[in-house]
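Down below is the structure, laid out as structure tokens.
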Amino acid sequence: MIDVLYFAWVRERIGLPKERVDTSAATVAELVAELKAREDRYAAAFADISALRVAVDQELADFDAPLAGVREVAFFPPMTGG
Amino acid sequence: MIDVLYFAWVRERIGLPKERVDTSAATVAELVAELKAREDRYAAAFADISALRVAVDQELADFDAPLAGVREVAFFPPMTGG
Amino acid sequence: MRVRVQAEPFDYGAECGAFAAGRRDAGAVVTFAGIVRDDGGLARLELEHYPGMTERALRKIADEATRRWALRDCLVIHRYGPMVPGDTIMMVATAAPHRADAFAAAEFLMDYLKSRAPFWKKEFGADGTSWVAARDEDEAALGRWSGA
Amino acid sequence: MRVRVQAEPFDYGAECGAFAAGRRDAGAVVTFAGIVRDDGGLARLELEHYPGMTERALRKIADEATRRWALRDCLVIHRYGPMVPGDTIMMVATAAPHRADAFAAAEFLMDYLKSRAPFWKKEFGADGTSWVAARDEDEAALGRWSGA
């Protein structure tokens, strides 16, 4: 089980900020593929991966990052702080 | 007549902050030569021109700057503000 | 080295004064304040963040600045939540013996914080609402630190 | 664009706060404070200046910064007279729509002010008194602005 978090327009498009996902995906990319297959709103949110960033256990990561032992994955658009 | 001002160690070496000088020097360099010829303390203060800066009417200038119409000349070491 | 992430407003002037007060070890203090700018019709801004990761990311950026430059101290404060034009969103402050280090570290903090700390701005204006897009210049700005 | 040359202490925090307060036209404020640093045995400092020329030189530098960058405002305060370690000697502040301009202008102001405004520091320490020598790095720092 992995906590999956969504922020900004990803959160709005999917319609929730957080969910627990029962997955055997080996990488972030595989998790994305599973989520996209679920429903249109997920497919819409993940349509353009290049417009998204991912954090694994609260550290920025690549989409090919492994998920073994990971507790938390977050998806969001490029950051706009400051 | 020109007001000649001295700052920092130039002032200390010459022993006064300001004096009126009756001169017909055409340039700053000629004024320096006149002053150096006066007394040892002037010769000491102006011994190394490369260690000095000059302002003519309160604007930084070169030693070959003309003195025609000038009211005020100041000599001082490189500045250390900030 | 201090990092604060908060919803509450903070007093930029008071923070600058406290940061600089009584330093005898640092000749140079640089501060930056980010202010909500109204370029035409912005009513308010909502700043979303990622609790937990935000603090980690800011601390990591501040640690990196401390490692790269001879800093005596550094401070980052970043707000989240609703804000209106004129509000202070965030600030950084750096203290170093010489000004080159204080300036470079402050710019580094800002460049990284802009593109690597998990904050997202949503604007509410006359034309509706929109998520602020990341600027290419902000991503490009990171490049200048890779050689240091 | 404001320039102040004064013997009296000023409140850096209060100046920062007032400078940034209520801006809706500038998203970025940068400030710099120069503080008397005690690197071993400095008892006090005497800052001499050239009344009249000092204000002209600072105003000229501030005008040049305003000409080069998209500044909404800029402030320079510089003290003269006796100071002790920990005292704030001077400050600059810049406000601009974007941070690159605010940072560049503040660094430009500092670089020029260091080497082109008529101030001289005399240190009084355990080893006697001495005039602070200009640093080659400070003169060299001006070079980076000649292409801009």
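Scheme for the structure tokens: letters A, B, ... for chains in order shown; per-chain residue numbers from 1; ligand numbers from 1 in order shown.
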Next on the checklist: Near chain B, meaning an atom within 7 Å, which residues of chain D appear when counting only C-alpha atoms? Write them as a ChimeraX atom specification.
Outcome noted: /D:34,48,53,90,110,113-121,132,134
Checklist entry - Can you list, as a PyMOL selection string, every protein, DNA or RNA residue that comes within 12 Å of Glu19 in chain B when you count only C-alpha atoms, leaving out same-chain residues fewer than 6 positions away? => result chain B and resi 1-6+11+35+71-75
Could you write out the selected residues, including all heavy atoms, as an mmCIF file, in the first residue's frame?
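The result, stored in result17.cif:
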```cif
data_model
loop_
_atom_site.group_PDB
_atom_site.id
_atom_site.type_symbol
_atom_site.label_atom_id
_atom_site.label_comp_id
_atom_site.auth_asym_id
_atom_site.auth_seq_id
_atom_site.Cartn_x
_atom_site.Cartn_y
_atom_site.Cartn_z
ATOM 1 N N MET B 1 42.279 81.310 -7.749
ATOM 2 C CA MET B 1 42.247 80.646 -6.437
ATOM 3 C C MET B 1 41.387 79.390 -6.501
ATOM 4 O O MET B 1 40.266 79.422 -6.985
ATOM 5 C CB MET B 1 41.646 81.595 -5.374
ATOM 6 C CG MET B 1 42.451 82.862 -5.161
ATOM 7 S SD MET B 1 44.008 82.564 -4.275
ATOM 8 C CE MET B 1 43.419 82.443 -2.586
ATOM 9 N N ILE B 2 41.970 78.314 -5.999
ATOM 10 C CA ILE B 2 41.252 77.041 -5.988
ATOM 11 C C ILE B 2 41.227 76.504 -4.556
ATOM 12 O O ILE B 2 42.231 76.596 -3.836
ATOM 13 C CB ILE B 2 41.947 76.020 -6.913
ATOM 14 C CG1 ILE B 2 41.789 76.456 -8.387
ATOM 15 C CG2 ILE B 2 41.374 74.608 -6.730
ATOM 16 C CD1 ILE B 2 42.456 75.518 -9.375
ATOM 17 N N ASP B 3 40.063 75.973 -4.135
ATOM 18 C CA ASP B 3 40.011 75.271 -2.850
ATOM 19 C C ASP B 3 40.597 73.879 -3.053
ATOM 20 O O ASP B 3 40.133 73.141 -3.929
ATOM 21 C CB ASP B 3 38.561 75.119 -2.354
ATOM 22 C CG ASP B 3 38.024 76.431 -1.799
ATOM 23 O OD1 ASP B 3 38.798 77.174 -1.166
ATOM 24 O OD2 ASP B 3 36.825 76.717 -2.002
ATOM 25 N N VAL B 4 41.604 73.539 -2.252
ATOM 26 C CA VAL B 4 42.190 72.206 -2.340
ATOM 27 C C VAL B 4 41.869 71.447 -1.048
ATOM 28 O O VAL B 4 42.124 71.941 0.057
ATOM 29 C CB VAL B 4 43.706 72.261 -2.587
ATOM 30 C CG1 VAL B 4 44.282 70.856 -2.707
ATOM 31 C CG2 VAL B 4 44.002 73.065 -3.850
ATOM 32 N N LEU B 5 41.277 70.270 -1.197
ATOM 33 C CA LEU B 5 40.853 69.480 -0.037
ATOM 34 C C LEU B 5 41.661 68.189 0.038
ATOM 35 O O LEU B 5 42.031 67.617 -0.997
ATOM 36 C CB LEU B 5 39.358 69.126 -0.149
ATOM 37 C CG LEU B 5 38.335 70.226 0.141
ATOM 38 C CD1 LEU B 5 38.334 71.290 -0.963
ATOM 39 C CD2 LEU B 5 36.939 69.620 0.287
ATOM 40 N N TYR B 6 41.904 67.739 1.269
ATOM 41 C CA TYR B 6 42.632 66.498 1.493
ATOM 42 C C TYR B 6 41.815 65.602 2.411
ATOM 43 O O TYR B 6 41.228 66.072 3.384
ATOM 44 C CB TYR B 6 43.993 66.788 2.133
ATOM 45 C CG TYR B 6 44.781 67.846 1.405
ATOM 46 C CD1 TYR B 6 44.979 69.108 1.976
ATOM 47 C CD2 TYR B 6 45.316 67.603 0.139
ATOM 48 C CE1 TYR B 6 45.694 70.097 1.314
ATOM 49 C CE2 TYR B 6 46.035 68.587 -0.533
ATOM 50 C CZ TYR B 6 46.217 69.837 0.055
ATOM 51 O OH TYR B 6 46.913 70.808 -0.615
ATOM 52 N N ARG B 11 45.180 63.885 4.141
ATOM 53 C CA ARG B 11 44.910 64.970 5.079
ATOM 54 C C ARG B 11 45.869 64.910 6.283
ATOM 55 O O ARG B 11 46.448 65.928 6.686
ATOM 56 C CB ARG B 11 43.454 64.870 5.557
ATOM 57 C CG ARG B 11 43.076 65.826 6.700
ATOM 58 C CD ARG B 11 41.612 65.674 7.139
ATOM 59 N NE ARG B 11 41.217 64.303 7.461
ATOM 60 C CZ ARG B 11 41.615 63.652 8.548
ATOM 61 N NH1 ARG B 11 42.402 64.232 9.429
ATOM 62 N NH2 ARG B 11 41.225 62.403 8.752
ATOM 63 N N LEU B 35 52.557 71.812 -5.486
ATOM 64 C CA LEU B 35 52.396 71.494 -4.063
ATOM 65 C C LEU B 35 53.610 70.713 -3.542
ATOM 66 O O LEU B 35 54.120 70.983 -2.455
ATOM 67 C CB LEU B 35 51.109 70.691 -3.836
ATOM 68 C CG LEU B 35 49.794 71.452 -4.072
ATOM 69 C CD1 LEU B 35 48.601 70.489 -4.094
ATOM 70 C CD2 LEU B 35 49.576 72.531 -3.002
ATOM 71 N N ARG B 71 36.692 75.250 -9.266
ATOM 72 C CA ARG B 71 36.650 75.884 -7.948
ATOM 73 C C ARG B 71 37.272 75.015 -6.864
ATOM 74 O O ARG B 71 37.753 75.498 -5.862
ATOM 75 C CB ARG B 71 35.187 76.162 -7.546
ATOM 76 C CG ARG B 71 34.473 77.169 -8.421
ATOM 77 C CD ARG B 71 33.077 77.441 -7.886
ATOM 78 N NE ARG B 71 32.411 76.185 -7.504
ATOM 79 C CZ ARG B 71 31.728 75.409 -8.355
ATOM 80 N NH1 ARG B 71 31.602 75.752 -9.617
ATOM 81 N NH2 ARG B 71 31.171 74.281 -7.937
ATOM 82 N N GLU B 72 37.200 73.662 -7.060
ATOM 83 C CA GLU B 72 37.552 72.782 -5.947
ATOM 84 C C GLU B 72 38.249 71.519 -6.457
ATOM 85 O O GLU B 72 37.750 70.858 -7.366
ATOM 86 C CB GLU B 72 36.244 72.404 -5.226
ATOM 87 C CG GLU B 72 36.394 71.635 -3.941
ATOM 88 C CD GLU B 72 35.040 71.504 -3.212
ATOM 89 O OE1 GLU B 72 34.417 72.547 -2.916
ATOM 90 O OE2 GLU B 72 34.602 70.365 -2.982
ATOM 91 N N VAL B 73 39.412 71.211 -5.873
ATOM 92 C CA VAL B 73 40.127 69.972 -6.205
ATOM 93 C C VAL B 73 40.362 69.206 -4.909
ATOM 94 O O VAL B 73 40.705 69.814 -3.891
ATOM 95 C CB VAL B 73 41.477 70.275 -6.890
ATOM 96 C CG1 VAL B 73 42.292 68.996 -7.077
ATOM 97 C CG2 VAL B 73 41.262 70.965 -8.228
ATOM 98 N N ALA B 74 40.136 67.892 -4.926
ATOM 99 C CA ALA B 74 40.326 67.096 -3.704
ATOM 100 C C ALA B 74 41.240 65.914 -3.999
ATOM 101 O O ALA B 74 41.133 65.282 -5.044
ATOM 102 C CB ALA B 74 38.990 66.618 -3.167
ATOM 103 N N PHE B 75 42.141 65.628 -3.051
ATOM 104 C CA PHE B 75 43.051 64.483 -3.163
ATOM 105 C C PHE B 75 42.781 63.513 -2.025
ATOM 106 O O PHE B 75 42.580 63.931 -0.879
ATOM 107 C CB PHE B 75 44.505 64.966 -3.092
ATOM 108 C CG PHE B 75 44.892 65.860 -4.233
ATOM 109 C CD1 PHE B 75 44.949 67.252 -4.059
ATOM 110 C CD2 PHE B 75 45.192 65.334 -5.482
ATOM 111 C CE1 PHE B 75 45.310 68.081 -5.111
ATOM 112 C CE2 PHE B 75 45.557 66.163 -6.544
ATOM 113 C CZ PHE B 75 45.609 67.537 -6.357
#
```
Item to check | Neighbour list for Ala96 in chain D as a count of residues only, cut-off 8 Å, only C-alpha atoms, skip fewer than 5 positions in-chain | outcome: 11
Next on the checklist: Residues of chain C within 9 Å of chain D, counting only C-alpha atoms - could you list those as a PyMOL selection string?
Outcome noted: chain C and resi 11-39+85-88+97+99-100+102-103+107+110
Restricting the output to C-alpha atoms, write the selected residues as an mmCIF file, in the first residue's frame.
```cif
data_model
loop_
_atom_site.group_PDB
_atom_site.id
_atom_site.type_symbol
_atom_site.label_atom_id
_atom_site.label_comp_id
_atom_site.auth_asym_id
_atom_site.auth_seq_id
_atom_site.Cartn_x
_atom_site.Cartn_y
_atom_site.Cartn_z
ATOM 1 C CA ASP C 11 6.834 41.178 9.712
ATOM 2 C CA TYR C 12 9.577 41.489 7.049
ATOM 3 C CA GLY C 13 11.123 44.585 8.645
ATOM 4 C CA ALA C 14 11.202 43.041 12.117
ATOM 5 C CA GLU C 15 12.744 39.839 10.709
ATOM 6 C CA CYS C 16 15.434 41.834 8.858
ATOM 7 C CA GLY C 17 16.220 43.824 11.996
ATOM 8 C CA ALA C 18 16.445 40.740 14.209
ATOM 9 C CA PHE C 19 18.538 38.889 11.634
ATOM 10 C CA ALA C 20 21.138 41.673 11.360
ATOM 11 C CA ALA C 21 21.108 42.742 15.019
ATOM 12 C CA GLY C 22 24.393 42.711 16.878
ATOM 13 C CA ARG C 23 26.375 40.721 14.326
ATOM 14 C CA ARG C 24 30.106 41.196 14.834
ATOM 15 C CA ASP C 25 31.095 38.142 12.778
ATOM 16 C CA ALA C 26 29.437 39.068 9.470
ATOM 17 C CA GLY C 27 30.019 42.325 7.611
ATOM 18 C CA ALA C 28 27.328 41.641 5.015
ATOM 19 C CA VAL C 29 23.613 40.885 5.323
ATOM 20 C CA VAL C 30 21.421 40.386 2.252
ATOM 21 C CA THR C 31 17.653 39.941 2.390
ATOM 22 C CA PHE C 32 15.054 39.243 -0.259
ATOM 23 C CA ALA C 33 11.294 39.664 0.073
ATOM 24 C CA GLY C 34 8.780 38.229 -2.390
ATOM 25 C CA ILE C 35 5.615 40.316 -2.566
ATOM 26 C CA VAL C 36 2.278 39.517 -4.226
ATOM 27 C CA ARG C 37 2.340 41.723 -7.301
ATOM 28 C CA ASP C 38 -0.786 43.053 -8.883
ATOM 29 C CA ASP C 39 -0.231 43.155 -12.593
ATOM 30 C CA PRO C 85 -1.558 42.009 -3.618
ATOM 31 C CA GLY C 86 0.972 43.771 -1.391
ATOM 32 C CA ASP C 87 1.297 40.815 1.003
ATOM 33 C CA THR C 88 4.766 39.463 1.672
ATOM 34 C CA PRO C 97 31.859 38.066 6.259
ATOM 35 C CA ARG C 99 29.174 40.697 0.425
ATOM 36 C CA ALA C 100 29.913 38.419 -2.552
ATOM 37 C CA ALA C 102 25.926 36.905 1.041
ATOM 38 C CA PHE C 103 24.597 37.953 -2.388
ATOM 39 C CA GLU C 107 20.296 34.360 -5.137
ATOM 40 C CA MET C 110 15.810 32.073 -4.371
#
```
Item to check | strand (DSSP E or B) per DSSP on the backbone: members of chain C, as number ranges by chain | outcome: C: 2-6, 28-35, 42-49, 73-79, 81-83, 88-96, 119-125, 128-131
Next on the checklist: Write out as an NGL selection string the set of residues from range 55-141 of chain C that DSSP, computed on the backbone, places in alpha helix (DSSP H).
Outcome noted: :C and (55-68 or 99-116 or 136-141)
Suppose we keep N, CA, C and O atoms; can you now write the selection as a compact mmCIF listing (two decimals), in the first residue's frame?
```
# COMPACT_ATOMS: atom_id res chain seq x y z
N GLU C 55 9.23 21.68 4.17
CA GLU C 55 10.27 21.94 5.16
C GLU C 55 11.57 21.22 4.78
O GLU C 55 12.65 21.78 4.88
N ARG C 56 11.42 19.94 4.37
CA ARG C 56 12.60 19.17 3.96
C ARG C 56 13.33 19.84 2.81
O ARG C 56 14.56 19.94 2.80
N ALA C 57 12.56 20.25 1.79
CA ALA C 57 13.16 20.84 0.59
C ALA C 57 13.86 22.16 0.94
O ALA C 57 14.99 22.41 0.50
N LEU C 58 13.21 22.99 1.75
CA LEU C 58 13.82 24.27 2.11
C LEU C 58 15.08 24.06 2.94
O LEU C 58 16.09 24.75 2.75
N ARG C 59 15.02 23.09 3.84
CA ARG C 59 16.19 22.83 4.69
C ARG C 59 17.36 22.32 3.84
O ARG C 59 18.51 22.70 4.04
N LYS C 60 17.03 21.48 2.87
CA LYS C 60 18.06 20.95 1.97
C LYS C 60 18.73 22.08 1.16
O LYS C 60 19.95 22.11 1.01
N ILE C 61 17.91 22.99 0.67
CA ILE C 61 18.43 24.12 -0.11
C ILE C 61 19.30 25.02 0.78
O ILE C 61 20.38 25.45 0.38
N ALA C 62 18.83 25.27 2.00
CA ALA C 62 19.60 26.10 2.93
C ALA C 62 20.91 25.42 3.33
O ALA C 62 21.96 26.07 3.44
N ASP C 63 20.87 24.11 3.54
CA ASP C 63 22.10 23.36 3.86
C ASP C 63 23.10 23.48 2.72
O ASP C 63 24.30 23.67 2.94
N GLU C 64 22.60 23.34 1.49
CA GLU C 64 23.47 23.42 0.32
C GLU C 64 24.12 24.81 0.23
O GLU C 64 25.31 24.93 -0.07
N ALA C 65 23.35 25.84 0.49
CA ALA C 65 23.90 27.22 0.46
C ALA C 65 24.99 27.37 1.53
O ALA C 65 26.04 27.97 1.28
N THR C 66 24.75 26.81 2.70
CA THR C 66 25.70 26.90 3.80
C THR C 66 26.99 26.14 3.47
O THR C 66 28.08 26.51 3.90
N ARG C 67 26.85 25.07 2.68
CA ARG C 67 27.99 24.27 2.28
C ARG C 67 28.83 25.01 1.22
O ARG C 67 30.05 24.94 1.20
N ARG C 68 28.13 25.75 0.33
CA ARG C 68 28.83 26.37 -0.78
C ARG C 68 29.51 27.69 -0.44
O ARG C 68 30.50 28.07 -1.05
N ARG C 99 30.44 40.56 1.13
CA ARG C 99 29.17 40.70 0.43
C ARG C 99 28.98 39.72 -0.73
O ARG C 99 27.85 39.32 -1.02
N ALA C 100 30.07 39.31 -1.40
CA ALA C 100 29.91 38.42 -2.55
C ALA C 100 29.23 37.12 -2.12
O ALA C 100 28.35 36.61 -2.81
N ASP C 101 29.64 36.57 -0.98
CA ASP C 101 29.03 35.34 -0.48
C ASP C 101 27.58 35.55 -0.08
O ASP C 101 26.72 34.71 -0.36
N ALA C 102 27.30 36.65 0.59
CA ALA C 102 25.93 36.90 1.04
C ALA C 102 24.98 37.05 -0.15
O ALA C 102 23.87 36.50 -0.16
N PHE C 103 25.43 37.77 -1.19
CA PHE C 103 24.60 37.95 -2.39
C PHE C 103 24.41 36.63 -3.13
O PHE C 103 23.29 36.27 -3.51
N ALA C 104 25.52 35.91 -3.37
CA ALA C 104 25.42 34.67 -4.14
C ALA C 104 24.51 33.67 -3.44
O ALA C 104 23.67 33.03 -4.06
N ALA C 105 24.67 33.54 -2.13
CA ALA C 105 23.85 32.58 -1.39
C ALA C 105 22.37 32.95 -1.43
O ALA C 105 21.50 32.09 -1.57
N ALA C 106 22.06 34.23 -1.32
CA ALA C 106 20.66 34.67 -1.35
C ALA C 106 20.04 34.38 -2.73
O ALA C 106 18.90 33.92 -2.83
N GLU C 107 20.82 34.63 -3.79
CA GLU C 107 20.30 34.36 -5.14
C GLU C 107 20.12 32.86 -5.38
O GLU C 107 19.16 32.42 -6.00
N PHE C 108 21.08 32.09 -4.88
CA PHE C 108 20.99 30.63 -4.97
C PHE C 108 19.73 30.12 -4.25
O PHE C 108 18.96 29.32 -4.80
N LEU C 109 19.53 30.59 -3.03
CA LEU C 109 18.33 30.19 -2.26
C LEU C 109 17.07 30.49 -3.05
O LEU C 109 16.16 29.66 -3.15
N MET C 110 17.00 31.69 -3.62
CA MET C 110 15.81 32.07 -4.37
C MET C 110 15.62 31.22 -5.62
O MET C 110 14.51 30.76 -5.91
N ASP C 111 16.70 31.00 -6.36
CA ASP C 111 16.60 30.22 -7.59
C ASP C 111 16.11 28.80 -7.30
O ASP C 111 15.24 28.27 -7.99
N TYR C 112 16.65 28.17 -6.27
CA TYR C 112 16.27 26.80 -5.95
C TYR C 112 14.88 26.71 -5.37
O TYR C 112 14.08 25.83 -5.71
N LEU C 113 14.60 27.65 -4.48
CA LEU C 113 13.30 27.68 -3.84
C LEU C 113 12.17 27.85 -4.87
O LEU C 113 11.12 27.21 -4.77
N LYS C 114 12.42 28.67 -5.90
CA LYS C 114 11.42 28.92 -6.94
C LYS C 114 11.01 27.64 -7.66
O LYS C 114 9.86 27.46 -8.00
N SER C 115 11.98 26.80 -7.95
CA SER C 115 11.74 25.66 -8.83
C SER C 115 11.83 24.31 -8.15
O SER C 115 11.52 23.29 -8.75
N ARG C 116 12.27 24.28 -6.86
CA ARG C 116 12.50 22.99 -6.21
C ARG C 116 11.76 22.84 -4.88
O ARG C 116 11.78 21.75 -4.30
N ASP C 136 10.17 29.50 -17.79
CA ASP C 136 11.39 28.89 -18.31
C ASP C 136 12.63 29.55 -17.73
O ASP C 136 13.63 28.89 -17.44
N GLU C 137 12.58 30.87 -17.52
CA GLU C 137 13.74 31.58 -16.97
C GLU C 137 14.09 31.05 -15.59
O GLU C 137 15.25 31.04 -15.20
N ASP C 138 13.06 30.67 -14.82
CA ASP C 138 13.34 30.19 -13.46
C ASP C 138 14.07 28.86 -13.49
O ASP C 138 14.99 28.63 -12.72
N GLU C 139 13.65 27.98 -14.41
CA GLU C 139 14.35 26.70 -14.54
C GLU C 139 15.77 26.94 -15.07
O GLU C 139 16.74 26.36 -14.58
N ALA C 140 15.88 27.85 -16.04
CA ALA C 140 17.19 28.15 -16.63
C ALA C 140 18.14 28.74 -15.60
O ALA C 140 19.35 28.51 -15.65
N ALA C 141 17.58 29.51 -14.66
CA ALA C 141 18.43 30.18 -13.65
C ALA C 141 19.23 29.18 -12.83
O ALA C 141 20.31 29.49 -12.34
```
Item to check | Between CA of Arg44 in chain D and CA of Glu12 in chain B, distance in Å (one decimal) | outcome: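 Spanning CA of Arg44 in chain D to CA of Glu12 in chain B is a straight-line distance of 18.5 Å.
Computed from the coordinates, the CA of Val3 in chain D to CA of Ala51 in chain B distance equals 28.6 Å.
The interatomic distance for the pair CA of Asp62 in chain B and CA of Gly15 in chain B works out to 23.9 Å.
Excluding Asp48 in chain B itself and same-chain residues fewer than 5 positions from it, the residues having an atom within 12 Å of it are Val10, Val32, Lys36, Tyr42, Ala43, Arg53, Phe76 and Pro77 of chain B, counting only C-alpha atoms.
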Write the residues you've just listed into a file as a short mmCIF file (atom, residue, chain, number, x, y, z; two decimals), in the first residue's frame, and include C-alpha atoms for each of them.
```cif
data_model
loop_
_atom_site.label_atom_id
_atom_site.label_comp_id
_atom_site.auth_asym_id
_atom_site.auth_seq_id
_atom_site.Cartn_x
_atom_site.Cartn_y
_atom_site.Cartn_z
CA VAL B 10 46.53 62.54 2.65
CA VAL B 32 50.51 68.48 -7.71
CA LYS B 36 55.22 68.91 -3.93
CA TYR B 42 53.44 67.69 0.52
CA ALA B 43 56.25 65.79 -1.20
CA ARG B 53 42.65 59.63 -6.46
CA PHE B 76 42.50 61.23 -1.33
CA PRO B 77 43.40 57.52 -1.28
#
```
